[in-house]
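Let me begin by presenting the structure, written as structure tokens, before commenting on it.
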Amino acid sequence: MYFQQFYLGCLSHASYVIGAGGIAAVIDPQRDVGIYIEDAVKHGLRIAHVIETHLHADFISGHQELASMTGAAIYLGARAGATFPHVPVRDGDEIRFGNCILRFLETPGHTLESISILVTDTERSPEPYAVLTGDTLFIGDVGRPDLAPNHTPQQLAGMLYESLQTKLLTLADEVEVYPAHGAGSLCGRQMSAERSSTIGQQRTSNFALQAKSKEEFVQLLTAELPERPGYFALDAELNRSGPTPLADLPIPDALLAKDVLALQQEGVLVLDTRPSGQFGGAHIPGAIHIALAGQFASWAGRIIGLDHQLVLVAEDRDAMLEARTRLARVGLENVAGYLDDGMTAWFREGLPVEQVPQLTVQDLRREIANIQVVDVRQPGEWQQGHIAEAVFKPLPKLTESLDGLDREQPVAVHCKSGYRSSIASSLLKREGFKNVMNVIGGYDAWKACDFPVVEATSITVA
Ligand SMILES: [Fe+2]
């Protein structure tokens, strides 16, 4: 039997190909599905089954495009209410191909329609050796219970407790666990960096499974729920109704600098995807900066939402195409074009630029009495330690809470390493802050220099 995990770091997302007897099943495909088709061809497999463990909220799935390209059937939990042709599955339903048996378990909680999939290789054993847990059970965490529209987080957490206790935790300790997300995903809170585990390891080490009762579990899961990005509900709905095939989305137009300026004046957003240093050096006034690295797509969805038309500024055309694919993976499809020849074209026209000076932590320390310092990390990071002079304004809510900051005075923004703070710097520039600086290397660099910090404190959002 063939089993392969595909991990997409940009979205902390894991998908799977399972093959046997010349047939393959793809579980939770990402939107650009070429990798599965190539993989199946390479291993002499025909993709006949596409399975969604639930209607994903954090990305647009490639289930329909993959099914239309291969003729595969789509399988989804019966409670999904999906409007495209699919096989609704219930507890105990099975798919068999070659020596592989995939048996479905309904495991509601993260969402109502969530399913897990037991994987049996009959050559190896008549018992399942692995379980694909979707967003029901992660490595080190469980799925967040606040994404389904018609149920309270408490109701969903209660269902999740039952799913875990009566289904997944009844499996043998050696059964391998393969989730749909890893560390950094917004579908949970404390996911480990590991990509797989076993039921036995999770039984003893997963924080959410240590609760002694259903009440304690519900309390644990519903206290201090993380931010729920606005695009989540839209993505889930697109996945329910069936997204546009990626191949049908237009390629962005190459635009002259004056065309970009004209579009921007009509309300189109300029998204600059170059590295922080380049953005800081010179950028189009009003541009939002999200570097094409790290969790680019997830931040784009959270900061921009799905409503805006975009023009891209990229290092080159390849980077622009990569950005466009990553944006489409979360449902940001409306890309009008890109600045042909990048900032060189902008300079050629003599158009105005703005800058975000890149500040070292040594400079920050020296000047700290004269600068407003903004820490845009997450509450848990702030709580573990922060710079005494900093005000805490987590990036997802930054522009909603600018009280206490003076737009006329210099402001230095930092995060852990400099990625999120560059996004934040661009947002502050758009909000009219005159002198915004990005701290290179962020809190990690500050700590590495042994500069003073305040450790382990309670959370107060300024
Ligand atoms: Fe999810």
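Note on naming: chains are A, B, ... as they come in the structure tokens, residues start from 1 per chain, ligands start from 1 in the order shown.
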Kindly provide the residues of chain A that approach ligand 1 to within 12 Å, each paired with its closest atom pair and their distance in Å to one decimal, based on only C-alpha atoms and all ligand atoms, listed by chain and increasing number, as CSV.
residue,atom,partner,partner_atom_place_in_ligand_line,distance
A:Leu11,CA,ligand 1,1 (Fe),11.3
A:Ser12,CA,ligand 1,1 (Fe),11.2
A:His13,CA,ligand 1,1 (Fe),9.7
A:Ala14,CA,ligand 1,1 (Fe),11.3
A:Asp28,CA,ligand 1,1 (Fe),10.3
A:Glu52,CA,ligand 1,1 (Fe),10.5
A:Thr53,CA,ligand 1,1 (Fe),8.7
A:His54,CA,ligand 1,1 (Fe),6.9
A:Leu55,CA,ligand 1,1 (Fe),7.1
A:His56,CA,ligand 1,1 (Fe),4.7
A:Ala57,CA,ligand 1,1 (Fe),5.5
A:Asp58,CA,ligand 1,1 (Fe),6.4
A:Phe59,CA,ligand 1,1 (Fe),8.6
A:Ile60,CA,ligand 1,1 (Fe),11.0
A:Ser61,CA,ligand 1,1 (Fe),11.1
A:Pro108,CA,ligand 1,1 (Fe),11.6
A:Gly109,CA,ligand 1,1 (Fe),10.6
A:His110,CA,ligand 1,1 (Fe),6.9
A:Thr111,CA,ligand 1,1 (Fe),7.6
A:Leu112,CA,ligand 1,1 (Fe),11.1
A:Glu113,CA,ligand 1,1 (Fe),10.9
A:Ser114,CA,ligand 1,1 (Fe),8.8
A:Ile115,CA,ligand 1,1 (Fe),11.3
A:Thr133,CA,ligand 1,1 (Fe),10.9
A:Gly134,CA,ligand 1,1 (Fe),7.4
A:Asp135,CA,ligand 1,1 (Fe),5.2
A:Thr136,CA,ligand 1,1 (Fe),8.4
A:Leu137,CA,ligand 1,1 (Fe),10.7
A:Phe138,CA,ligand 1,1 (Fe),10.6
A:Val142,CA,ligand 1,1 (Fe),10.4
A:Gly143,CA,ligand 1,1 (Fe),7.0
A:Arg144,CA,ligand 1,1 (Fe),8.0
A:Pro145,CA,ligand 1,1 (Fe),9.7
A:Asp146,CA,ligand 1,1 (Fe),10.4
A:Leu147,CA,ligand 1,1 (Fe),8.2
A:Ala148,CA,ligand 1,1 (Fe),10.2
A:Pro179,CA,ligand 1,1 (Fe),10.3
A:Ala180,CA,ligand 1,1 (Fe),7.8
A:His181,CA,ligand 1,1 (Fe),8.1
A:Gly182,CA,ligand 1,1 (Fe),11.3
A:Ser185,CA,ligand 1,1 (Fe),9.0
A:Leu186,CA,ligand 1,1 (Fe),8.3
A:Cys187,CA,ligand 1,1 (Fe),5.2
A:Gly188,CA,ligand 1,1 (Fe),8.4
A:Arg228,CA,ligand 1,1 (Fe),11.7
A:Phe232,CA,ligand 1,1 (Fe),9.2
A:Ala233,CA,ligand 1,1 (Fe),10.9
A:Asp235,CA,ligand 1,1 (Fe),10.4
A:Ala236,CA,ligand 1,1 (Fe),8.9
A:Asn239,CA,ligand 1,1 (Fe),11.5
DSSP-assigned alpha helix (DSSP H) among segment 178-239 of chain A, expressed as a list in words: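 Put together, the selection reads Ile199, Gly200, Gln201, Gln202, Arg203, Thr204, Ser205, Lys214, Glu215, Glu216, Phe217, Val218, Gln219, Leu220, Leu221, Thr222, Tyr231, Phe232, Ala233, Leu234, Asp235, Ala236, Glu237, Leu238 and Asn239 of chain A.
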Can you spit out the residues from that selection as a PDB file, in the first residue's frame, using N, CA and C atoms?
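Contents of the output file selection-v8.pdb:
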ATOM      1  N   ILE A 199      -2.054   7.194  18.647  1.00  0.00           N
ATOM      2  CA  ILE A 199      -3.126   7.383  19.633  1.00  0.00           C
ATOM      3  C   ILE A 199      -2.536   7.337  21.046  1.00  0.00           C
ATOM      4  N   GLY A 200      -1.616   6.395  21.293  1.00  0.00           N
ATOM      5  CA  GLY A 200      -1.021   6.258  22.628  1.00  0.00           C
ATOM      6  C   GLY A 200      -0.293   7.520  23.050  1.00  0.00           C
ATOM      7  N   GLN A 201       0.507   8.084  22.133  1.00  0.00           N
ATOM      8  CA  GLN A 201       1.252   9.314  22.469  1.00  0.00           C
ATOM      9  C   GLN A 201       0.293  10.464  22.737  1.00  0.00           C
ATOM     10  N   GLN A 202      -0.748  10.573  21.925  1.00  0.00           N
ATOM     11  CA  GLN A 202      -1.700  11.668  22.125  1.00  0.00           C
ATOM     12  C   GLN A 202      -2.484  11.486  23.420  1.00  0.00           C
ATOM     13  N   ARG A 203      -2.811  10.251  23.736  1.00  0.00           N
ATOM     14  CA  ARG A 203      -3.545   9.967  24.974  1.00  0.00           C
ATOM     15  C   ARG A 203      -2.803  10.554  26.188  1.00  0.00           C
ATOM     16  N   THR A 204      -1.472  10.464  26.159  1.00  0.00           N
ATOM     17  CA  THR A 204      -0.721  10.920  27.338  1.00  0.00           C
ATOM     18  C   THR A 204      -0.215  12.361  27.220  1.00  0.00           C
ATOM     19  N   SER A 205       0.021  12.840  25.990  1.00  0.00           N
ATOM     20  CA  SER A 205       0.694  14.146  25.893  1.00  0.00           C
ATOM     21  C   SER A 205      -0.174  15.281  25.347  1.00  0.00           C
ATOM     22  N   LYS A 214     -16.129  15.776  30.932  1.00  0.00           N
ATOM     23  CA  LYS A 214     -16.665  16.519  29.784  1.00  0.00           C
ATOM     24  C   LYS A 214     -16.735  18.008  30.106  1.00  0.00           C
ATOM     25  N   GLU A 215     -17.167  18.338  31.341  1.00  0.00           N
ATOM     26  CA  GLU A 215     -17.303  19.744  31.735  1.00  0.00           C
ATOM     27  C   GLU A 215     -15.943  20.447  31.669  1.00  0.00           C
ATOM     28  N   GLU A 216     -14.928  19.757  32.170  1.00  0.00           N
ATOM     29  CA  GLU A 216     -13.582  20.354  32.171  1.00  0.00           C
ATOM     30  C   GLU A 216     -13.086  20.544  30.732  1.00  0.00           C
ATOM     31  N   PHE A 217     -13.381  19.560  29.886  1.00  0.00           N
ATOM     32  CA  PHE A 217     -12.965  19.634  28.476  1.00  0.00           C
ATOM     33  C   PHE A 217     -13.635  20.823  27.785  1.00  0.00           C
ATOM     34  N   VAL A 218     -14.950  20.961  28.000  1.00  0.00           N
ATOM     35  CA  VAL A 218     -15.703  22.052  27.359  1.00  0.00           C
ATOM     36  C   VAL A 218     -15.163  23.395  27.848  1.00  0.00           C
ATOM     37  N   GLN A 219     -14.906  23.486  29.144  1.00  0.00           N
ATOM     38  CA  GLN A 219     -14.365  24.716  29.727  1.00  0.00           C
ATOM     39  C   GLN A 219     -13.005  25.056  29.100  1.00  0.00           C
ATOM     40  N   LEU A 220     -12.156  24.032  29.013  1.00  0.00           N
ATOM     41  CA  LEU A 220     -10.800  24.202  28.475  1.00  0.00           C
ATOM     42  C   LEU A 220     -10.846  24.701  27.029  1.00  0.00           C
ATOM     43  N   LEU A 221     -11.761  24.111  26.255  1.00  0.00           N
ATOM     44  CA  LEU A 221     -11.784  24.422  24.823  1.00  0.00           C
ATOM     45  C   LEU A 221     -12.453  25.748  24.484  1.00  0.00           C
ATOM     46  N   THR A 222     -13.338  26.206  25.351  1.00  0.00           N
ATOM     47  CA  THR A 222     -14.101  27.396  25.002  1.00  0.00           C
ATOM     48  C   THR A 222     -13.573  28.648  25.696  1.00  0.00           C
ATOM     49  N   TYR A 231     -12.636  35.615   6.854  1.00  0.00           N
ATOM     50  CA  TYR A 231     -12.760  34.837   5.623  1.00  0.00           C
ATOM     51  C   TYR A 231     -13.114  33.378   5.872  1.00  0.00           C
ATOM     52  N   PHE A 232     -13.062  32.924   7.116  1.00  0.00           N
ATOM     53  CA  PHE A 232     -13.339  31.513   7.408  1.00  0.00           C
ATOM     54  C   PHE A 232     -14.749  31.091   6.966  1.00  0.00           C
ATOM     55  N   ALA A 233     -15.740  31.907   7.326  1.00  0.00           N
ATOM     56  CA  ALA A 233     -17.124  31.533   6.990  1.00  0.00           C
ATOM     57  C   ALA A 233     -17.303  31.505   5.471  1.00  0.00           C
ATOM     58  N   LEU A 234     -16.645  32.435   4.781  1.00  0.00           N
ATOM     59  CA  LEU A 234     -16.766  32.497   3.315  1.00  0.00           C
ATOM     60  C   LEU A 234     -16.110  31.284   2.662  1.00  0.00           C
ATOM     61  N   ASP A 235     -14.929  30.897   3.172  1.00  0.00           N
ATOM     62  CA  ASP A 235     -14.246  29.732   2.610  1.00  0.00           C
ATOM     63  C   ASP A 235     -15.077  28.460   2.816  1.00  0.00           C
ATOM     64  N   ALA A 236     -15.645  28.309   4.020  1.00  0.00           N
ATOM     65  CA  ALA A 236     -16.456  27.116   4.298  1.00  0.00           C
ATOM     66  C   ALA A 236     -17.644  27.067   3.339  1.00  0.00           C
ATOM     67  N   GLU A 237     -18.243  28.220   3.090  1.00  0.00           N
ATOM     68  CA  GLU A 237     -19.399  28.262   2.199  1.00  0.00           C
ATOM     69  C   GLU A 237     -18.986  27.954   0.757  1.00  0.00           C
ATOM     70  N   LEU A 238     -17.841  28.492   0.330  1.00  0.00           N
ATOM     71  CA  LEU A 238     -17.334  28.185  -1.017  1.00  0.00           C
ATOM     72  C   LEU A 238     -17.067  26.682  -1.155  1.00  0.00           C
ATOM     73  N   ASN A 239     -16.517  26.089  -0.111  1.00  0.00           N
ATOM     74  CA  ASN A 239     -16.240  24.652  -0.163  1.00  0.00           C
ATOM     75  C   ASN A 239     -17.533  23.836  -0.187  1.00  0.00           C
TER      76      ASN A 239
END
Per-residue DSSP, segment 222-297 of chain A, filtered to strand (DSSP E or B), as a list in words: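 After running DSSP on the backbone, segment 222-297 of chain A has strand (DSSP E or B) at Asp253, Ala254, Leu255, Leu269, Val270, Leu271, Asp272, His283, Ile288 and His289 of chain A.
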Selected residue, from A:Ser68, A:Phe84, A:Phe3, A:Leu249, that lies nearest to Val131 of chain A when counting only C-alpha atoms: A:Phe3
Coordinates-based distance that separates atom CA of Arg189 of chain A from atom CA of Ile117 of chain A (Å, one decimal):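 Interatomic distance, atom CA of Ile117 of chain A to atom CA of Arg189 of chain A: 22.8 Å.
Taking atom CA of Pro250 of chain A and atom CA of Arg324 of chain A as endpoints, the distance between them is 10.3 Å.
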